[in-house]
Amino acid sequence: QSSGAQKGTEVTTINDEKITVPGDKPAALFFFSVGCGECAGGAESLAKAGNELNGKANVLAVDMDPAESPQTIRQFLDYIKAPELPAVIDTGAALSQKYKVAALSTLIVIDQAGKVSFRATDPGPEAIQTALEKAGAK
């Protein structure tokens, strides 16, 4: 675990991929829980924005409920038709504390310097894409 705005936090997704946030490109993090009905739309928007940007930014769904299993999260991702969306369980609330996220359905965009440049509740894919482009996704 690294701290400080300049250093990225390395997380391991439910599919055992390692992603550093923010890493070498801007990142969009969507904080959700499988049990949150409103979260499906936001996660879907995140997946669409990620597909549109085609690798120019990291997108990550962050499950705020450590009791939810990777299997349950995969079912949620299948349900929103975004099985490819990288997802991580926020064990110990590392990401939600680092970026001061307290509410489900919150999306943040972090630029490469580690600064939160955009924060919204359930934004659409266009808003996410625009925010990522402003944060340096080119």
# chains A, B, ... in the order shown; residues from 1 in each chain; ligands from 1
call {"tool": "residues_around", "arguments": {"residues": "Asp63 in chain A", "least_positions_apart": "6", "cutoff": "9 Å", "atoms": "only C-alpha atoms", "output": "list in words"}}
result
Phe30, Phe31, Phe32, Ser33, Val34, Ile73, Ala87, Val88, Ile89, Asp90, Thr91 and Leu104 of chain A
call {"tool": "residues_around", "arguments": {"residues": "Ser96 in chain A", "least_positions_apart": "3", "cutoff": "9 Å", "atoms": "only C-alpha atoms", "output": "PyMOL selection string"}}
result
chain A and resi 31+62+64+90+93+99-102
call {"tool": "write_last_selection", "arguments": {"atoms": "all heavy atoms", "output": "PDB file, in the first residue's frame"}}
result
ATOM      1  N   PHE A  31     -17.707   3.459  -7.672  1.00  0.00           N
ATOM      2  CA  PHE A  31     -17.897   2.758  -6.406  1.00  0.00           C
ATOM      3  C   PHE A  31     -19.325   2.225  -6.344  1.00  0.00           C
ATOM      4  O   PHE A  31     -20.281   2.980  -6.483  1.00  0.00           O
ATOM      5  CB  PHE A  31     -17.616   3.714  -5.240  1.00  0.00           C
ATOM      6  CG  PHE A  31     -16.158   4.092  -5.165  1.00  0.00           C
ATOM      7  CD1 PHE A  31     -15.641   5.103  -5.964  1.00  0.00           C
ATOM      8  CD2 PHE A  31     -15.291   3.412  -4.319  1.00  0.00           C
ATOM      9  CE1 PHE A  31     -14.289   5.430  -5.918  1.00  0.00           C
ATOM     10  CE2 PHE A  31     -13.933   3.740  -4.266  1.00  0.00           C
ATOM     11  CZ  PHE A  31     -13.435   4.744  -5.061  1.00  0.00           C
ATOM     12  N   VAL A  62     -15.363  -0.495  -8.395  1.00  0.00           N
ATOM     13  CA  VAL A  62     -14.861  -0.757  -7.051  1.00  0.00           C
ATOM     14  C   VAL A  62     -16.029  -1.161  -6.153  1.00  0.00           C
ATOM     15  O   VAL A  62     -16.898  -0.343  -5.852  1.00  0.00           O
ATOM     16  CB  VAL A  62     -14.166   0.503  -6.480  1.00  0.00           C
ATOM     17  CG1 VAL A  62     -13.631   0.233  -5.075  1.00  0.00           C
ATOM     18  CG2 VAL A  62     -13.046   0.972  -7.403  1.00  0.00           C
ATOM     19  N   MET A  64     -17.740  -1.741  -2.864  1.00  0.00           N
ATOM     20  CA  MET A  64     -17.540  -1.223  -1.511  1.00  0.00           C
ATOM     21  C   MET A  64     -17.949  -2.216  -0.424  1.00  0.00           C
ATOM     22  O   MET A  64     -17.777  -1.933   0.754  1.00  0.00           O
ATOM     23  CB  MET A  64     -18.300   0.090  -1.336  1.00  0.00           C
ATOM     24  CG  MET A  64     -17.741   1.223  -2.176  1.00  0.00           C
ATOM     25  SD  MET A  64     -18.684   2.759  -2.020  1.00  0.00           S
ATOM     26  CE  MET A  64     -18.015   3.444  -0.492  1.00  0.00           C
ATOM     27  N   ASP A  90     -13.033  -3.533  -2.595  1.00  0.00           N
ATOM     28  CA  ASP A  90     -12.296  -2.518  -1.824  1.00  0.00           C
ATOM     29  C   ASP A  90     -12.061  -3.004  -0.389  1.00  0.00           C
ATOM     30  O   ASP A  90     -12.601  -2.449   0.563  1.00  0.00           O
ATOM     31  CB  ASP A  90     -13.059  -1.199  -1.853  1.00  0.00           C
ATOM     32  CG  ASP A  90     -12.188  -0.021  -1.436  1.00  0.00           C
ATOM     33  OD1 ASP A  90     -10.960  -0.176  -1.385  1.00  0.00           O
ATOM     34  OD2 ASP A  90     -12.751   1.055  -1.152  1.00  0.00           O
ATOM     35  N   ALA A  93     -11.419  -0.839   2.693  1.00  0.00           N
ATOM     36  CA  ALA A  93     -11.832   0.490   2.211  1.00  0.00           C
ATOM     37  C   ALA A  93     -10.644   1.354   1.786  1.00  0.00           C
ATOM     38  O   ALA A  93     -10.660   2.566   1.914  1.00  0.00           O
ATOM     39  CB  ALA A  93     -12.673   1.206   3.269  1.00  0.00           C
ATOM     40  N   TYR A  99      -9.733   8.222  -1.640  1.00  0.00           N
ATOM     41  CA  TYR A  99     -10.381   9.232  -2.489  1.00  0.00           C
ATOM     42  C   TYR A  99     -11.632   9.840  -1.851  1.00  0.00           C
ATOM     43  O   TYR A  99     -12.415  10.491  -2.523  1.00  0.00           O
ATOM     44  CB  TYR A  99     -10.682   8.632  -3.864  1.00  0.00           C
ATOM     45  CG  TYR A  99      -9.405   8.274  -4.582  1.00  0.00           C
ATOM     46  CD1 TYR A  99      -9.049   6.953  -4.806  1.00  0.00           C
ATOM     47  CD2 TYR A  99      -8.517   9.266  -4.996  1.00  0.00           C
ATOM     48  CE1 TYR A  99      -7.853   6.620  -5.435  1.00  0.00           C
ATOM     49  CE2 TYR A  99      -7.319   8.946  -5.622  1.00  0.00           C
ATOM     50  CZ  TYR A  99      -6.996   7.625  -5.833  1.00  0.00           C
ATOM     51  OH  TYR A  99      -5.804   7.309  -6.454  1.00  0.00           O
ATOM     52  N   LYS A 100     -11.810   9.590  -0.542  1.00  0.00           N
ATOM     53  CA  LYS A 100     -12.906  10.193   0.231  1.00  0.00           C
ATOM     54  C   LYS A 100     -14.278   9.948  -0.396  1.00  0.00           C
ATOM     55  O   LYS A 100     -15.054  10.878  -0.611  1.00  0.00           O
ATOM     56  CB  LYS A 100     -12.655  11.690   0.437  1.00  0.00           C
ATOM     57  CG  LYS A 100     -11.378  11.956   1.224  1.00  0.00           C
ATOM     58  CD  LYS A 100     -11.068  13.440   1.313  1.00  0.00           C
ATOM     59  CE  LYS A 100      -9.830  13.733   2.119  1.00  0.00           C
ATOM     60  NZ  LYS A 100      -8.623  13.029   1.735  1.00  0.00           N
ATOM     61  N   VAL A 101     -14.548   8.685  -0.723  1.00  0.00           N
ATOM     62  CA  VAL A 101     -15.841   8.307  -1.274  1.00  0.00           C
ATOM     63  C   VAL A 101     -16.637   7.611  -0.176  1.00  0.00           C
ATOM     64  O   VAL A 101     -16.192   6.595   0.362  1.00  0.00           O
ATOM     65  CB  VAL A 101     -15.683   7.373  -2.493  1.00  0.00           C
ATOM     66  CG1 VAL A 101     -17.032   6.868  -2.963  1.00  0.00           C
ATOM     67  CG2 VAL A 101     -14.955   8.100  -3.615  1.00  0.00           C
ATOM     68  N   ALA A 102     -17.808   8.156   0.152  1.00  0.00           N
ATOM     69  CA  ALA A 102     -18.625   7.568   1.212  1.00  0.00           C
ATOM     70  C   ALA A 102     -19.917   6.966   0.668  1.00  0.00           C
ATOM     71  O   ALA A 102     -20.530   6.136   1.322  1.00  0.00           O
ATOM     72  CB  ALA A 102     -18.946   8.628   2.258  1.00  0.00           C
TER      73      ALA A 102
END
call {"tool": "closest_residue", "arguments": {"among": "A:Ala57, A:Leu95, A:Ile19, A:Ala135", "to": "Ser117 in chain A", "atoms": "only C-alpha atoms"}}
result
A:Ala135
call {"tool": "closest_residue", "arguments": {"among": "A:Leu85, A:Lys98, A:Gly35, A:Ala49", "to": "Ala61 in chain A", "atoms": "only C-alpha atoms"}}
result
A:Leu85
call {"tool": "closest_residue", "arguments": {"among": "A:Gly37, A:Pro86, A:Lys7, A:Thr106", "to": "Arg74 in chain A", "atoms": "only C-alpha atoms"}}
result
A:Pro86
call {"tool": "atom_distance", "arguments": {"atom1": "CA of Ala94 in chain A", "atom2": "CA of Lys115 in chain A"}}
result
16.1 Å
call {"tool": "residues_around", "arguments": {"residues": "Glu44 in chain A", "least_positions_apart": "5", "cutoff": "8 Å", "atoms": "only C-alpha atoms", "output": "PyMOL selection string"}}
result
chain A and resi 80-82
